[in-house]
Amino acid sequence: MGFAIKVLTPGVLFILTLAFGVWLSRSGKPYNGLIFNTHKLIALAAVVITAIQTFNALKIGERQPILIGLVIVIGLCAVALFVTGALMSAHKATGRATLTIHRIAPLLAVLAALGTLFLLDGRA
Ligand code: HEM
């Protein structure tokens, strides 16, 4: 598989996740079930595919500590998104902090992913 396809598939899934997330937010509460489940399932697909591509990329022998650090940041962002998403949907955390984390984690993940791609420099 070419490098472009490997980056494009998770990238497109990620953008779709963002789009459904914003749509979900704007459609108000109680959450629309169809939009919520689409947001959640696309997010899951994006995370699984990104994890597979990342592990394949690391297998080629890239072991720079900063690269491993960036991958850990992406993983922590994914965990934060799933935890805050679950809390919001279960109405367990209605405070602003949960939504704020759910908004900032995607930005942080994108920055870390760009850093990862830069360090891999087309070698994945
Ligand atoms: C890669 C993973 C994910 C990303 C990038 C993501 C991104 C987003 C974004 C950008 C929003 C819109 C925030 C706003 O503009 O107000 C949103 C909303 C939301 N997401 Fe996610 N999300 C992810 C995973 C999840 C998961 C797994 C769940 C559920 C278990 C979830 C539940 C929600 C809920 C309930 C909202 C609506 C929040 C509100 O009340 O405004 N998200 N998400």
# chains A, B, ... in the order shown; residues from 1 in each chain; ligands from 1

call {"tool": "residues_near_ligand", "arguments": {"ligand": "ligand 1", "cutoff": "6 Å", "atoms": "only C-alpha atoms and all ligand atoms", "output": "list of chain:residue names"}}
result
A:Thr17, A:Leu18, A:Gly21, A:Val22, A:Leu24, A:Ser25, A:Lys40, A:Ala43, A:Ala78, A:Leu81, A:Phe82, A:Gly85, A:Ala86, A:Met88, A:Ser89, A:Arg103, A:Pro106

call {"tool": "write_last_selection", "arguments": {"atoms": "C-alpha atoms", "output": "CSV table (one decimal), in the first residue's frame"}}
result
chain,number,residue,atom,x,y,z
A,17,THR,CA,-15.5,11.8,12.9
A,18,LEU,CA,-15.0,15.5,13.4
A,21,GLY,CA,-19.1,15.2,16.2
A,22,VAL,CA,-19.9,18.9,15.4
A,24,LEU,CA,-24.0,15.8,17.0
A,25,SER,CA,-23.1,18.8,19.2
A,40,LYS,CA,-18.8,6.6,17.7
A,43,ALA,CA,-14.2,7.2,15.6
A,78,ALA,CA,-7.7,8.5,21.8
A,81,LEU,CA,-11.8,11.0,23.6
A,82,PHE,CA,-13.4,7.6,24.3
A,85,GLY,CA,-17.4,10.7,24.9
A,86,ALA,CA,-18.7,7.9,27.0
A,88,MET,CA,-21.0,12.8,28.0
A,89,SER,CA,-23.3,10.2,26.4
A,103,ARG,CA,-12.5,19.4,21.8
A,106,PRO,CA,-8.4,15.9,18.5

call {"tool": "select_by_dssp", "arguments": {"residues": "segment 18-99 of chain A", "states": "alpha helix (DSSP H)", "output": "tab-separated table (two decimals) with C-alpha atoms, in the first residue's frame"}}
result
chain	number	residue	atom	x	y	z
A	18	LEU	CA	-15.01	15.53	13.45
A	19	ALA	CA	-17.88	16.38	11.10
A	20	PHE	CA	-20.28	13.98	12.83
A	21	GLY	CA	-19.08	15.24	16.23
A	22	VAL	CA	-19.86	18.87	15.39
A	23	TRP	CA	-23.21	17.81	13.89
A	24	LEU	CA	-23.96	15.81	17.05
A	25	SER	CA	-23.12	18.80	19.24
A	26	ARG	CA	-25.32	21.12	17.19
A	33	GLY	CA	-29.04	8.19	18.26
A	34	LEU	CA	-28.13	7.84	14.59
A	35	ILE	CA	-25.63	10.71	14.58
A	36	PHE	CA	-24.20	9.56	17.94
A	37	ASN	CA	-23.64	5.97	16.81
A	38	THR	CA	-22.20	7.05	13.47
A	39	HIS	CA	-19.79	9.42	15.28
A	40	LYS	CA	-18.78	6.63	17.68
A	41	LEU	CA	-18.36	3.88	15.09
A	42	ILE	CA	-16.38	6.02	12.63
A	43	ALA	CA	-14.20	7.16	15.56
A	44	LEU	CA	-13.58	3.50	16.46
A	45	ALA	CA	-12.69	2.63	12.85
A	46	ALA	CA	-10.35	5.64	12.64
A	47	VAL	CA	-8.57	4.64	15.86
A	48	VAL	CA	-8.21	0.96	14.87
A	49	ILE	CA	-6.87	1.77	11.39
A	50	THR	CA	-4.52	4.45	12.75
A	51	ALA	CA	-3.21	1.98	15.36
A	52	ILE	CA	-2.57	-0.70	12.71
A	53	GLN	CA	-0.76	1.74	10.39
A	54	THR	CA	1.28	3.14	13.29
A	55	PHE	CA	2.41	-0.29	14.50
A	56	ASN	CA	3.36	-1.24	10.94
A	57	ALA	CA	5.32	1.99	10.62
A	58	LEU	CA	7.16	1.35	13.89
A	59	LYS	CA	8.01	-2.19	12.79
A	65	PRO	CA	12.36	8.34	21.41
A	66	ILE	CA	10.54	11.47	20.21
A	67	LEU	CA	8.60	9.33	17.72
A	68	ILE	CA	7.56	6.89	20.44
A	69	GLY	CA	6.58	9.90	22.60
A	70	LEU	CA	4.35	11.30	19.84
A	71	VAL	CA	2.69	7.91	19.34
A	72	ILE	CA	1.99	7.74	23.09
A	73	VAL	CA	0.44	11.25	22.94
A	74	ILE	CA	-1.87	10.10	20.10
A	75	GLY	CA	-2.84	7.01	22.12
A	76	LEU	CA	-3.61	9.08	25.22
A	77	CYS	CA	-5.72	11.47	23.12
A	78	ALA	CA	-7.72	8.49	21.78
A	79	VAL	CA	-8.30	7.18	25.31
A	80	ALA	CA	-9.33	10.68	26.49
A	81	LEU	CA	-11.78	11.00	23.58
A	82	PHE	CA	-13.42	7.64	24.30
A	83	VAL	CA	-13.63	8.28	28.04
A	84	THR	CA	-15.03	11.83	27.73
A	85	GLY	CA	-17.35	10.72	24.89
A	86	ALA	CA	-18.72	7.89	27.03
A	87	LEU	CA	-19.14	10.21	30.03
A	88	MET	CA	-21.04	12.80	28.00
A	89	SER	CA	-23.31	10.23	26.41
A	96	ARG	CA	-17.66	22.11	30.61
A	97	ALA	CA	-14.37	20.35	31.31
A	98	THR	CA	-15.47	17.09	29.67
A	99	LEU	CA	-16.49	18.77	26.42

call {"tool": "closest_residue", "arguments": {"among": "A:Leu120, A:Leu13, A:His91, A:Leu111", "to": "Tyr31 of chain A", "atoms": "only C-alpha atoms"}}
result
A:His91

call {"tool": "closest_residue", "arguments": {"among": "A:Leu108, A:Phe118, A:His102, A:Ala90", "to": "Lys29 of chain A", "atoms": "only C-alpha atoms"}}
result
A:Ala90

call {"tool": "atom_distance", "arguments": {"atom1": "atom CA of Lys92 of chain A", "atom2": "atom CA of Pro30 of chain A"}}
result
13.4 Å

call {"tool": "atom_distance", "arguments": {"atom1": "atom CA of Gln64 of chain A", "atom2": "atom CA of Leu8 of chain A"}}
result
23.8 Å

call {"tool": "closest_residue", "arguments": {"among": "A:Lys6, A:Arg63, A:Leu107, A:Ile101", "to": "Leu119 of chain A", "atoms": "only C-alpha atoms"}}
result
A:Arg63

call {"tool": "closest_residue", "arguments": {"among": "A:Asp121, A:Thr100, A:Ala113, A:Asn32", "to": "Gly11 of chain A", "atoms": "only C-alpha atoms"}}
result
A:Ala113

call {"tool": "atom_distance", "arguments": {"atom1": "atom CA of Leu117 of chain A", "atom2": "atom CA of Leu16 of chain A"}}
result
20.3 Å

call {"tool": "decode", "arguments": {"residues": "segment 15-44 of chain A", "atoms": "N, CA, C and O atoms", "output": "PDB file, in the first residue's frame"}}
result
ATOM      1  N   ILE A  15     -11.589  13.046   9.714  1.00  0.00           N
ATOM      2  CA  ILE A  15     -12.357  14.244   9.337  1.00  0.00           C
ATOM      3  C   ILE A  15     -13.864  13.950   9.426  1.00  0.00           C
ATOM      4  O   ILE A  15     -14.644  14.782   9.897  1.00  0.00           O
ATOM      5  N   LEU A  16     -14.264  12.731   8.992  1.00  0.00           N
ATOM      6  CA  LEU A  16     -15.683  12.353   9.104  1.00  0.00           C
ATOM      7  C   LEU A  16     -16.111  12.330  10.570  1.00  0.00           C
ATOM      8  O   LEU A  16     -17.208  12.769  10.922  1.00  0.00           O
ATOM      9  N   THR A  17     -15.223  11.822  11.448  1.00  0.00           N
ATOM     10  CA  THR A  17     -15.523  11.778  12.888  1.00  0.00           C
ATOM     11  C   THR A  17     -15.756  13.194  13.415  1.00  0.00           C
ATOM     12  O   THR A  17     -16.708  13.449  14.150  1.00  0.00           O
ATOM     13  N   LEU A  18     -14.868  14.132  13.020  1.00  0.00           N
ATOM     14  CA  LEU A  18     -15.010  15.525  13.450  1.00  0.00           C
ATOM     15  C   LEU A  18     -16.340  16.090  12.967  1.00  0.00           C
ATOM     16  O   LEU A  18     -17.077  16.727  13.728  1.00  0.00           O
ATOM     17  N   ALA A  19     -16.652  15.833  11.689  1.00  0.00           N
ATOM     18  CA  ALA A  19     -17.876  16.383  11.104  1.00  0.00           C
ATOM     19  C   ALA A  19     -19.104  15.861  11.856  1.00  0.00           C
ATOM     20  O   ALA A  19     -19.992  16.637  12.223  1.00  0.00           O
ATOM     21  N   PHE A  20     -19.139  14.550  12.108  1.00  0.00           N
ATOM     22  CA  PHE A  20     -20.284  13.983  12.828  1.00  0.00           C
ATOM     23  C   PHE A  20     -20.315  14.474  14.276  1.00  0.00           C
ATOM     24  O   PHE A  20     -21.389  14.644  14.845  1.00  0.00           O
ATOM     25  N   GLY A  21     -19.141  14.727  14.861  1.00  0.00           N
ATOM     26  CA  GLY A  21     -19.077  15.243  16.226  1.00  0.00           C
ATOM     27  C   GLY A  21     -19.694  16.631  16.328  1.00  0.00           C
ATOM     28  O   GLY A  21     -20.512  16.903  17.214  1.00  0.00           O
ATOM     29  N   VAL A  22     -19.323  17.506  15.377  1.00  0.00           N
ATOM     30  CA  VAL A  22     -19.857  18.871  15.386  1.00  0.00           C
ATOM     31  C   VAL A  22     -21.371  18.828  15.128  1.00  0.00           C
ATOM     32  O   VAL A  22     -22.152  19.519  15.789  1.00  0.00           O
ATOM     33  N   TRP A  23     -21.780  17.957  14.199  1.00  0.00           N
ATOM     34  CA  TRP A  23     -23.205  17.806  13.887  1.00  0.00           C
ATOM     35  C   TRP A  23     -23.961  17.328  15.136  1.00  0.00           C
ATOM     36  O   TRP A  23     -25.027  17.841  15.479  1.00  0.00           O
ATOM     37  N   LEU A  24     -23.346  16.355  15.826  1.00  0.00           N
ATOM     38  CA  LEU A  24     -23.955  15.808  17.049  1.00  0.00           C
ATOM     39  C   LEU A  24     -24.123  16.902  18.104  1.00  0.00           C
ATOM     40  O   LEU A  24     -25.184  17.043  18.717  1.00  0.00           O
ATOM     41  N   SER A  25     -23.074  17.699  18.278  1.00  0.00           N
ATOM     42  CA  SER A  25     -23.116  18.801  19.241  1.00  0.00           C
ATOM     43  C   SER A  25     -24.243  19.776  18.907  1.00  0.00           C
ATOM     44  O   SER A  25     -24.999  20.195  19.767  1.00  0.00           O
ATOM     45  N   ARG A  26     -24.334  20.121  17.610  1.00  0.00           N
ATOM     46  CA  ARG A  26     -25.317  21.125  17.189  1.00  0.00           C
ATOM     47  C   ARG A  26     -26.733  20.609  17.208  1.00  0.00           C
ATOM     48  O   ARG A  26     -27.673  21.404  17.284  1.00  0.00           O
ATOM     49  N   SER A  27     -26.896  19.279  17.113  1.00  0.00           N
ATOM     50  CA  SER A  27     -28.270  18.747  17.090  1.00  0.00           C
ATOM     51  C   SER A  27     -28.859  18.725  18.498  1.00  0.00           C
ATOM     52  O   SER A  27     -30.029  18.422  18.673  1.00  0.00           O
ATOM     53  N   GLY A  28     -28.049  19.056  19.506  1.00  0.00           N
ATOM     54  CA  GLY A  28     -28.555  19.236  20.872  1.00  0.00           C
ATOM     55  C   GLY A  28     -28.835  17.955  21.624  1.00  0.00           C
ATOM     56  O   GLY A  28     -28.591  16.854  21.123  1.00  0.00           O
ATOM     57  N   LYS A  29     -29.349  18.139  22.848  1.00  0.00           N
ATOM     58  CA  LYS A  29     -29.630  16.991  23.704  1.00  0.00           C
ATOM     59  C   LYS A  29     -31.131  16.792  23.827  1.00  0.00           C
ATOM     60  O   LYS A  29     -31.866  17.783  23.789  1.00  0.00           O
ATOM     61  N   PRO A  30     -31.634  15.585  24.035  1.00  0.00           N
ATOM     62  CA  PRO A  30     -30.886  14.337  24.048  1.00  0.00           C
ATOM     63  C   PRO A  30     -30.262  14.048  22.684  1.00  0.00           C
ATOM     64  O   PRO A  30     -30.814  14.432  21.666  1.00  0.00           O
ATOM     65  N   TYR A  31     -29.078  13.388  22.724  1.00  0.00           N
ATOM     66  CA  TYR A  31     -28.343  13.160  21.491  1.00  0.00           C
ATOM     67  C   TYR A  31     -29.162  12.346  20.503  1.00  0.00           C
ATOM     68  O   TYR A  31     -29.847  11.401  20.882  1.00  0.00           O
ATOM     69  N   ASN A  32     -29.052  12.728  19.225  1.00  0.00           N
ATOM     70  CA  ASN A  32     -29.670  11.960  18.155  1.00  0.00           C
ATOM     71  C   ASN A  32     -28.926  10.628  18.039  1.00  0.00           C
ATOM     72  O   ASN A  32     -27.717  10.598  17.815  1.00  0.00           O
ATOM     73  N   GLY A  33     -29.649   9.528  18.209  1.00  0.00           N
ATOM     74  CA  GLY A  33     -29.044   8.194  18.258  1.00  0.00           C
ATOM     75  C   GLY A  33     -28.246   7.846  17.023  1.00  0.00           C
ATOM     76  O   GLY A  33     -27.142   7.297  17.114  1.00  0.00           O
ATOM     77  N   LEU A  34     -28.802   8.191  15.840  1.00  0.00           N
ATOM     78  CA  LEU A  34     -28.135   7.835  14.591  1.00  0.00           C
ATOM     79  C   LEU A  34     -26.812   8.596  14.436  1.00  0.00           C
ATOM     80  O   LEU A  34     -25.774   8.008  14.117  1.00  0.00           O
ATOM     81  N   ILE A  35     -26.859   9.908  14.710  1.00  0.00           N
ATOM     82  CA  ILE A  35     -25.633  10.709  14.581  1.00  0.00           C
ATOM     83  C   ILE A  35     -24.617  10.255  15.641  1.00  0.00           C
ATOM     84  O   ILE A  35     -23.429  10.103  15.356  1.00  0.00           O
ATOM     85  N   PHE A  36     -25.098   9.992  16.866  1.00  0.00           N
ATOM     86  CA  PHE A  36     -24.202   9.564  17.939  1.00  0.00           C
ATOM     87  C   PHE A  36     -23.484   8.260  17.586  1.00  0.00           C
ATOM     88  O   PHE A  36     -22.261   8.157  17.692  1.00  0.00           O
ATOM     89  N   ASN A  37     -24.269   7.269  17.117  1.00  0.00           N
ATOM     90  CA  ASN A  37     -23.645   5.975  16.814  1.00  0.00           C
ATOM     91  C   ASN A  37     -22.713   6.053  15.618  1.00  0.00           C
ATOM     92  O   ASN A  37     -21.674   5.390  15.596  1.00  0.00           O
ATOM     93  N   THR A  38     -23.080   6.892  14.627  1.00  0.00           N
ATOM     94  CA  THR A  38     -22.202   7.053  13.465  1.00  0.00           C
ATOM     95  C   THR A  38     -20.879   7.680  13.923  1.00  0.00           C
ATOM     96  O   THR A  38     -19.796   7.196  13.564  1.00  0.00           O
ATOM     97  N   HIS A  39     -20.988   8.733  14.751  1.00  0.00           N
ATOM     98  CA  HIS A  39     -19.792   9.417  15.281  1.00  0.00           C
ATOM     99  C   HIS A  39     -18.892   8.412  16.018  1.00  0.00           C
ATOM    100  O   HIS A  39     -17.687   8.339  15.784  1.00  0.00           O
ATOM    101  N   LYS A  40     -19.520   7.590  16.858  1.00  0.00           N
ATOM    102  CA  LYS A  40     -18.779   6.632  17.685  1.00  0.00           C
ATOM    103  C   LYS A  40     -18.128   5.539  16.840  1.00  0.00           C
ATOM    104  O   LYS A  40     -16.949   5.204  17.025  1.00  0.00           O
ATOM    105  N   LEU A  41     -18.888   4.986  15.882  1.00  0.00           N
ATOM    106  CA  LEU A  41     -18.355   3.876  15.087  1.00  0.00           C
ATOM    107  C   LEU A  41     -17.257   4.343  14.132  1.00  0.00           C
ATOM    108  O   LEU A  41     -16.249   3.652  13.959  1.00  0.00           O
ATOM    109  N   ILE A  42     -17.440   5.520  13.515  1.00  0.00           N
ATOM    110  CA  ILE A  42     -16.377   6.021  12.627  1.00  0.00           C
ATOM    111  C   ILE A  42     -15.134   6.321  13.462  1.00  0.00           C
ATOM    112  O   ILE A  42     -14.012   6.052  13.044  1.00  0.00           O
ATOM    113  N   ALA A  43     -15.335   6.863  14.674  1.00  0.00           N
ATOM    114  CA  ALA A  43     -14.201   7.157  15.564  1.00  0.00           C
ATOM    115  C   ALA A  43     -13.445   5.862  15.867  1.00  0.00           C
ATOM    116  O   ALA A  43     -12.214   5.821  15.816  1.00  0.00           O
ATOM    117  N   LEU A  44     -14.203   4.790  16.152  1.00  0.00           N
ATOM    118  CA  LEU A  44     -13.579   3.501  16.463  1.00  0.00           C
ATOM    119  C   LEU A  44     -12.779   2.988  15.258  1.00  0.00           C
ATOM    120  O   LEU A  44     -11.624   2.580  15.396  1.00  0.00           O
TER     121      LEU A  44
END
